[in-house]
>>> print(open('input_15.txt').read())   # compact mmCIF, N, CA and C atoms
# COMPACT_ATOMS: atom_id res chain seq x y z
N MET A 1 -5.47 14.42 10.39
CA MET A 1 -5.93 15.80 10.32
C MET A 1 -4.76 16.77 10.21
N CYS A 2 -3.55 16.24 9.97
CA CYS A 2 -2.37 17.08 9.91
C CYS A 2 -2.05 17.56 8.50
N GLY A 3 -2.80 17.12 7.49
CA GLY A 3 -2.54 17.54 6.13
C GLY A 3 -1.68 16.58 5.34
N HIS A 4 -1.20 15.53 5.98
CA HIS A 4 -0.38 14.54 5.28
C HIS A 4 -1.26 13.60 4.47
N LEU A 5 -0.68 13.05 3.42
CA LEU A 5 -1.32 11.99 2.65
C LEU A 5 -0.68 10.68 3.05
N PHE A 6 -1.46 9.66 3.23
CA PHE A 6 -0.95 8.34 3.56
C PHE A 6 -1.21 7.46 2.34
N VAL A 7 -0.14 6.96 1.73
CA VAL A 7 -0.22 6.21 0.49
C VAL A 7 0.15 4.77 0.76
N PHE A 8 -0.68 3.86 0.28
CA PHE A 8 -0.44 2.44 0.47
C PHE A 8 -0.34 1.78 -0.90
N ARG A 9 0.68 0.92 -1.06
CA ARG A 9 0.88 0.19 -2.30
C ARG A 9 0.78 -1.30 -1.99
N ASN A 10 0.11 -2.07 -2.84
CA ASN A 10 -0.01 -3.51 -2.56
C ASN A 10 1.30 -4.22 -2.91
N ARG A 11 1.40 -5.49 -2.53
CA ARG A 11 2.64 -6.24 -2.75
C ARG A 11 3.03 -6.37 -4.21
N ARG A 12 2.04 -6.57 -5.08
CA ARG A 12 2.34 -6.69 -6.51
C ARG A 12 2.77 -5.36 -7.10
N GLY A 13 2.37 -4.26 -6.48
CA GLY A 13 2.76 -2.94 -6.96
C GLY A 13 1.86 -2.39 -8.04
N ASP A 14 0.71 -3.01 -8.27
CA ASP A 14 -0.17 -2.51 -9.32
C ASP A 14 -1.35 -1.71 -8.79
N GLN A 15 -1.42 -1.51 -7.47
CA GLN A 15 -2.49 -0.71 -6.88
C GLN A 15 -1.92 0.25 -5.84
N MET A 16 -2.49 1.43 -5.79
CA MET A 16 -2.14 2.41 -4.75
C MET A 16 -3.43 3.01 -4.21
N ARG A 17 -3.42 3.28 -2.92
CA ARG A 17 -4.55 3.95 -2.28
C ARG A 17 -4.00 5.11 -1.46
N VAL A 18 -4.69 6.22 -1.53
CA VAL A 18 -4.28 7.42 -0.81
C VAL A 18 -5.37 7.77 0.19
N LEU A 19 -4.98 7.91 1.45
CA LEU A 19 -5.89 8.25 2.53
C LEU A 19 -5.54 9.65 3.03
N PHE A 20 -6.56 10.51 3.12
CA PHE A 20 -6.32 11.86 3.66
C PHE A 20 -7.60 12.41 4.26
N TRP A 21 -7.45 13.45 5.05
CA TRP A 21 -8.55 14.13 5.73
C TRP A 21 -8.92 15.36 4.92
N ASP A 22 -10.19 15.54 4.56
CA ASP A 22 -10.59 16.69 3.76
C ASP A 22 -11.51 17.67 4.51
N ARG A 23 -11.33 17.83 5.78
CA ARG A 23 -12.05 18.73 6.68
C ARG A 23 -13.45 18.25 7.06
N THR A 24 -14.00 17.27 6.34
CA THR A 24 -15.32 16.74 6.70
C THR A 24 -15.27 15.26 7.01
N GLY A 25 -14.15 14.63 6.71
CA GLY A 25 -14.00 13.20 6.96
C GLY A 25 -12.81 12.66 6.18
N TYR A 26 -12.55 11.39 6.38
CA TYR A 26 -11.45 10.76 5.67
C TYR A 26 -11.89 10.42 4.25
N MET A 27 -10.96 10.49 3.32
CA MET A 27 -11.23 10.19 1.93
C MET A 27 -10.19 9.21 1.43
N ILE A 28 -10.62 8.22 0.68
CA ILE A 28 -9.70 7.24 0.09
C ILE A 28 -9.81 7.35 -1.42
N VAL A 29 -8.66 7.48 -2.07
CA VAL A 29 -8.59 7.51 -3.52
C VAL A 29 -7.77 6.30 -3.93
N ALA A 30 -8.27 5.50 -4.87
CA ALA A 30 -7.57 4.29 -5.29
C ALA A 30 -7.25 4.36 -6.77
N LYS A 31 -6.10 3.77 -7.15
CA LYS A 31 -5.73 3.67 -8.55
C LYS A 31 -5.18 2.27 -8.78
N LYS A 32 -5.72 1.58 -9.78
CA LYS A 32 -5.26 0.25 -10.14
C LYS A 32 -4.81 0.28 -11.60
N LEU A 33 -3.61 -0.21 -11.84
CA LEU A 33 -3.07 -0.23 -13.19
C LEU A 33 -3.55 -1.46 -13.94
N ALA A 34 -3.93 -1.28 -15.19
CA ALA A 34 -4.30 -2.41 -16.03
C ALA A 34 -3.05 -3.19 -16.44
N ARG A 35 -1.93 -2.47 -16.62
CA ARG A 35 -0.66 -3.08 -16.96
C ARG A 35 0.45 -2.34 -16.24
N GLY A 36 1.48 -3.03 -15.85
CA GLY A 36 2.64 -2.41 -15.22
C GLY A 36 2.54 -2.31 -13.71
N ARG A 37 3.51 -1.63 -13.12
CA ARG A 37 3.60 -1.50 -11.67
C ARG A 37 4.00 -0.07 -11.30
N PHE A 38 3.65 0.31 -10.09
CA PHE A 38 4.13 1.57 -9.53
C PHE A 38 5.54 1.33 -8.99
N HIS A 39 6.46 2.22 -9.33
CA HIS A 39 7.84 2.08 -8.87
C HIS A 39 8.12 3.17 -7.84
N LEU A 40 8.77 2.77 -6.75
CA LEU A 40 9.16 3.74 -5.73
C LEU A 40 10.32 4.57 -6.22
N ALA A 41 10.46 5.75 -5.66
CA ALA A 41 11.49 6.69 -6.10
C ALA A 41 12.90 6.21 -5.79
N ARG A 42 13.05 5.41 -4.75
CA ARG A 42 14.39 4.94 -4.38
C ARG A 42 14.28 3.56 -3.73
N ASP A 43 15.40 2.88 -3.64
CA ASP A 43 15.42 1.57 -2.99
C ASP A 43 15.21 1.73 -1.50
N LEU A 44 14.45 0.83 -0.93
CA LEU A 44 14.20 0.87 0.51
C LEU A 44 15.24 0.06 1.25
N PRO A 45 15.65 0.51 2.43
CA PRO A 45 16.55 -0.31 3.24
C PRO A 45 15.84 -1.60 3.65
N LYS A 46 16.61 -2.63 3.89
CA LYS A 46 16.03 -3.92 4.28
C LYS A 46 15.23 -3.77 5.57
N GLY A 47 14.01 -4.27 5.56
CA GLY A 47 13.15 -4.23 6.74
C GLY A 47 12.36 -2.95 6.90
N ALA A 48 12.49 -2.02 5.96
CA ALA A 48 11.76 -0.75 6.06
C ALA A 48 10.27 -1.00 5.85
N THR A 49 9.45 -0.35 6.67
CA THR A 49 8.00 -0.51 6.55
C THR A 49 7.33 0.73 5.98
N HIS A 50 8.05 1.84 5.93
CA HIS A 50 7.48 3.07 5.37
C HIS A 50 8.59 3.94 4.81
N VAL A 51 8.19 4.88 3.97
CA VAL A 51 9.14 5.83 3.37
C VAL A 51 8.40 7.15 3.18
N GLU A 52 9.11 8.26 3.33
CA GLU A 52 8.52 9.57 3.08
C GLU A 52 8.91 10.01 1.68
N VAL A 53 7.94 10.52 0.93
CA VAL A 53 8.21 11.05 -0.40
C VAL A 53 7.63 12.44 -0.50
N GLU A 54 8.22 13.24 -1.36
CA GLU A 54 7.71 14.59 -1.58
C GLU A 54 6.51 14.52 -2.52
N ALA A 55 5.74 15.60 -2.55
CA ALA A 55 4.54 15.65 -3.38
C ALA A 55 4.89 15.46 -4.86
N ALA A 56 5.98 16.04 -5.31
CA ALA A 56 6.38 15.90 -6.72
C ALA A 56 6.69 14.45 -7.05
N GLU A 57 7.40 13.76 -6.14
CA GLU A 57 7.72 12.35 -6.36
C GLU A 57 6.46 11.50 -6.43
N LEU A 58 5.52 11.76 -5.53
CA LEU A 58 4.27 11.00 -5.52
C LEU A 58 3.50 11.23 -6.82
N SER A 59 3.45 12.45 -7.26
CA SER A 59 2.76 12.77 -8.50
C SER A 59 3.36 12.02 -9.68
N LEU A 60 4.70 11.99 -9.77
CA LEU A 60 5.37 11.29 -10.86
C LEU A 60 5.16 9.79 -10.76
N MET A 61 5.17 9.25 -9.55
CA MET A 61 4.93 7.81 -9.37
C MET A 61 3.53 7.45 -9.82
N LEU A 62 2.54 8.27 -9.47
CA LEU A 62 1.16 7.99 -9.87
C LEU A 62 0.97 8.12 -11.38
N GLU A 63 1.83 8.91 -12.04
CA GLU A 63 1.78 9.04 -13.49
C GLU A 63 2.45 7.87 -14.19
N GLY A 64 3.15 7.02 -13.42
CA GLY A 64 3.77 5.83 -14.00
C GLY A 64 5.23 5.97 -14.35
N LEU A 65 5.88 7.04 -13.92
CA LEU A 65 7.30 7.21 -14.22
C LEU A 65 8.15 6.44 -13.22
N ASP A 66 9.21 5.80 -13.72
CA ASP A 66 10.15 5.07 -12.87
C ASP A 66 11.24 6.05 -12.45
N LEU A 67 11.28 6.39 -11.18
CA LEU A 67 12.22 7.39 -10.68
C LEU A 67 13.49 6.78 -10.09
N SER A 68 13.67 5.46 -10.25
CA SER A 68 14.80 4.80 -9.60
C SER A 68 16.15 5.31 -10.12
N GLN A 69 16.20 5.77 -11.37
CA GLN A 69 17.46 6.27 -11.91
C GLN A 69 17.44 7.78 -12.14
N ALA A 70 16.42 8.44 -11.62
CA ALA A 70 16.36 9.89 -11.74
C ALA A 70 17.40 10.52 -10.84
N VAL A 71 17.97 11.62 -11.29
CA VAL A 71 19.00 12.32 -10.53
C VAL A 71 18.43 13.65 -10.06
N ARG A 72 18.51 13.90 -8.76
CA ARG A 72 18.05 15.17 -8.22
C ARG A 72 19.19 16.18 -8.31
N ARG A 73 18.93 17.27 -8.96
CA ARG A 73 19.92 18.33 -9.12
C ARG A 73 19.98 19.19 -7.86
N LYS A 74 21.18 19.70 -7.59
CA LYS A 74 21.34 20.59 -6.44
C LYS A 74 20.61 21.89 -6.71
N ARG A 75 19.96 22.41 -5.72
CA ARG A 75 19.26 23.69 -5.83
C ARG A 75 19.94 24.70 -4.92
N TRP A 76 19.91 25.94 -5.33
CA TRP A 76 20.48 27.00 -4.51
C TRP A 76 19.55 27.28 -3.35
N ARG A 77 20.12 27.38 -2.18
CA ARG A 77 19.36 27.77 -0.99
C ARG A 77 20.12 28.88 -0.30
N PRO A 78 19.41 29.90 0.13
CA PRO A 78 20.13 30.99 0.80
C PRO A 78 20.72 30.50 2.11
N SER A 79 21.91 30.97 2.40
CA SER A 79 22.55 30.58 3.66
C SER A 79 21.97 31.42 4.79
N ALA A 80 22.03 30.86 5.98
CA ALA A 80 21.52 31.58 7.15
C ALA A 80 22.47 32.73 7.47
N ARG A 81 21.90 33.87 7.80
CA ARG A 81 22.73 35.02 8.17
C ARG A 81 23.40 34.76 9.50
N LYS A 82 24.66 35.10 9.55
CA LYS A 82 25.40 34.92 10.81
C LYS A 82 25.62 36.29 11.43
N THR A 83 25.08 36.49 12.63
CA THR A 83 25.30 37.73 13.34
C THR A 83 25.91 37.40 14.69
N SER A 84 26.67 38.32 15.18
CA SER A 84 27.30 38.07 16.48
C SER A 84 26.24 38.12 17.57
N PRO A 85 26.43 37.37 18.66
CA PRO A 85 25.44 37.37 19.74
C PRO A 85 25.17 38.74 20.32
N SER A 86 26.15 39.64 20.26
CA SER A 86 25.95 40.98 20.82
C SER A 86 24.99 41.80 19.95
N LYS A 87 24.89 41.49 18.65
CA LYS A 87 24.02 42.23 17.76
C LYS A 87 22.64 41.62 17.61
N GLN A 88 22.47 40.41 18.12
CA GLN A 88 21.17 39.77 18.02
C GLN A 88 20.21 40.41 19.01
N GLY A 89 19.02 40.72 18.53
CA GLY A 89 18.01 41.30 19.40
C GLY A 89 17.05 40.23 19.89
N LEU A 90 16.28 40.58 20.89
CA LEU A 90 15.28 39.68 21.41
C LEU A 90 13.98 39.87 20.65
N MET A 91 13.25 38.81 20.45
CA MET A 91 11.97 38.88 19.74
C MET A 91 10.89 38.26 20.61
N ASP A 92 9.68 38.82 20.51
CA ASP A 92 8.57 38.21 21.23
C ASP A 92 7.97 37.11 20.36
N ALA A 93 6.88 36.49 20.78
CA ALA A 93 6.26 35.38 20.07
C ALA A 93 5.73 35.77 18.70
N HIS A 94 5.49 37.05 18.47
CA HIS A 94 4.97 37.51 17.19
C HIS A 94 6.07 38.04 16.27
N GLY A 95 7.34 37.91 16.67
CA GLY A 95 8.45 38.36 15.84
C GLY A 95 8.75 39.84 15.94
N ILE A 96 8.21 40.50 16.95
CA ILE A 96 8.45 41.93 17.14
C ILE A 96 9.65 42.10 18.06
N ALA A 97 10.56 43.01 17.66
CA ALA A 97 11.78 43.22 18.42
C ALA A 97 11.48 43.80 19.79
N ILE A 98 12.17 43.28 20.79
CA ILE A 98 12.04 43.80 22.17
C ILE A 98 13.28 44.64 22.42
N PRO A 99 13.10 45.92 22.78
CA PRO A 99 14.26 46.78 23.00
C PRO A 99 15.06 46.29 24.22
N ARG A 100 16.38 46.47 24.13
CA ARG A 100 17.26 46.08 25.24
C ARG A 100 17.20 47.12 26.35
N ALA A 101 17.29 46.63 27.58
CA ALA A 101 17.33 47.53 28.73
C ALA A 101 18.73 48.14 28.80
N THR A 102 18.81 49.45 29.06
CA THR A 102 20.12 50.11 29.14
C THR A 102 20.46 50.48 30.54
>>> encode(input="input_15.txt", output="structure tokens")
Amino acid sequence: MCGHLFVFRNRRGDQMRVLFWDRTGYMIVAKKLARGRFHLARDLPKGATHVEVEAAELSLMLEGLDLSQAVRRKRWRPSARKTSPSKQGLMDAHGIAIPRAT
């Protein structure tokens, strides 16, 4: 009920099933390939039983693309603002500034 999708692939790699909660109950979606296999986005460490993938990776895997040699490009991310502790204000649970006592 957390919004995650749980994806299961069989040993041969030609079937995938997706389990998720849709607010009224659990739903299973299955896809079986007539030819070929589903390829994981990256190699798994030895003994790994699960892996987390992003929604975009899952979508590409279900479309049949082999992502093993795909290169992820660096994306710009804003850096966190650095303020001195003396200038930082207090915030309540709703993000509203609490005035300092003088």
>>> atom_distance(input="input_15.txt", atom1="CA of Phe38 (chain A)", atom2="CA of Val71 (chain A)")
18.4 Å
>>> atom_distance(input="input_15.txt", atom1="CA of Ala34 (chain A)", atom2="CA of Arg11 (chain A)")
15.5 Å
>>> atom_distance(input="input_15.txt", atom1="atom N of Gly13 (chain A)", atom2="atom N of Val29 (chain A)")
16.7 Å
>>> residues_around(input="input_15.txt", residues="region 20-28 of chain A", least_positions_apart="3", cutoff="12 Å", atoms="only C-alpha atoms", output="list of chain:residue names")
A:Met1, A:Cys2, A:Gly3, A:His4, A:Leu5, A:Phe6, A:Val7, A:Phe8, A:Met16, A:Arg17, A:Lys31
>>> closest_residue(input="input_15.txt", among="A:His50, A:Leu67, A:Asp14, A:Arg72", to="Leu33 (chain A)", atoms="only N, CA and C atoms")
A:Asp14
>>> closest_residue(input="input_15.txt", among="A:His39, A:Arg9, A:Lys32, A:Lys46", to="Leu65 (chain A)", atoms="only N, CA and C atoms")
A:His39
>>> closest_residue(input="input_15.txt", among="A:Gln15, A:Asn10, A:Thr49, A:Glu57", to="Gly36 (chain A)", atoms="all atoms listed in the file")
A:Gln15
>>> decode(input="input_15.txt", residues="region 65-79 of chain A", atoms="N, CA and C atoms", output="PDB file, in the first residue's frame")
ATOM      1  N   LEU A  65      14.287  -3.348 -24.255  1.00  0.00           N
ATOM      2  CA  LEU A  65      15.610  -2.775 -24.484  1.00  0.00           C
ATOM      3  C   LEU A  65      16.619  -3.359 -23.508  1.00  0.00           C
ATOM      4  N   ASP A  66      17.823  -3.644 -24.008  1.00  0.00           N
ATOM      5  CA  ASP A  66      18.908  -4.150 -23.170  1.00  0.00           C
ATOM      6  C   ASP A  66      19.680  -2.947 -22.641  1.00  0.00           C
ATOM      7  N   LEU A  67      19.594  -2.709 -21.350  1.00  0.00           N
ATOM      8  CA  LEU A  67      20.218  -1.530 -20.741  1.00  0.00           C
ATOM      9  C   LEU A  67      21.591  -1.814 -20.141  1.00  0.00           C
ATOM     10  N   SER A  68      22.129  -3.015 -20.377  1.00  0.00           N
ATOM     11  CA  SER A  68      23.387  -3.392 -19.735  1.00  0.00           C
ATOM     12  C   SER A  68      24.546  -2.489 -20.163  1.00  0.00           C
ATOM     13  N   GLN A  69      24.497  -1.945 -21.375  1.00  0.00           N
ATOM     14  CA  GLN A  69      25.585  -1.083 -21.829  1.00  0.00           C
ATOM     15  C   GLN A  69      25.151   0.376 -21.952  1.00  0.00           C
ATOM     16  N   ALA A  70      23.985   0.695 -21.434  1.00  0.00           N
ATOM     17  CA  ALA A  70      23.523   2.081 -21.463  1.00  0.00           C
ATOM     18  C   ALA A  70      24.336   2.902 -20.478  1.00  0.00           C
ATOM     19  N   VAL A  71      24.593   4.144 -20.830  1.00  0.00           N
ATOM     20  CA  VAL A  71      25.374   5.038 -19.978  1.00  0.00           C
ATOM     21  C   VAL A  71      24.445   6.120 -19.450  1.00  0.00           C
ATOM     22  N   ARG A  72      24.430   6.285 -18.134  1.00  0.00           N
ATOM     23  CA  ARG A  72      23.622   7.337 -17.526  1.00  0.00           C
ATOM     24  C   ARG A  72      24.441   8.620 -17.509  1.00  0.00           C
ATOM     25  N   ARG A  73      23.902   9.651 -18.089  1.00  0.00           N
ATOM     26  CA  ARG A  73      24.574  10.949 -18.139  1.00  0.00           C
ATOM     27  C   ARG A  73      24.369  11.691 -16.822  1.00  0.00           C
ATOM     28  N   LYS A  74      25.374  12.492 -16.465  1.00  0.00           N
ATOM     29  CA  LYS A  74      25.258  13.302 -15.259  1.00  0.00           C
ATOM     30  C   LYS A  74      24.206  14.368 -15.469  1.00  0.00           C
ATOM     31  N   ARG A  75      23.410  14.613 -14.477  1.00  0.00           N
ATOM     32  CA  ARG A  75      22.389  15.655 -14.532  1.00  0.00           C
ATOM     33  C   ARG A  75      22.744  16.742 -13.528  1.00  0.00           C
ATOM     34  N   TRP A  76      22.380  17.961 -13.858  1.00  0.00           N
ATOM     35  CA  TRP A  76      22.622  19.063 -12.946  1.00  0.00           C
ATOM     36  C   TRP A  76      21.625  18.991 -11.810  1.00  0.00           C
ATOM     37  N   ARG A  77      22.120  19.162 -10.613  1.00  0.00           N
ATOM     38  CA  ARG A  77      21.259  19.236  -9.432  1.00  0.00           C
ATOM     39  C   ARG A  77      21.671  20.459  -8.637  1.00  0.00           C
ATOM     40  N   PRO A  78      20.699  21.210  -8.172  1.00  0.00           N
ATOM     41  CA  PRO A  78      21.069  22.399  -7.397  1.00  0.00           C
ATOM     42  C   PRO A  78      21.746  21.991  -6.099  1.00  0.00           C
ATOM     43  N   SER A  79      22.757  22.749  -5.729  1.00  0.00           N
ATOM     44  CA  SER A  79      23.446  22.452  -4.473  1.00  0.00           C
ATOM     45  C   SER A  79      22.642  23.011  -3.314  1.00  0.00           C
TER      46      SER A  79
END
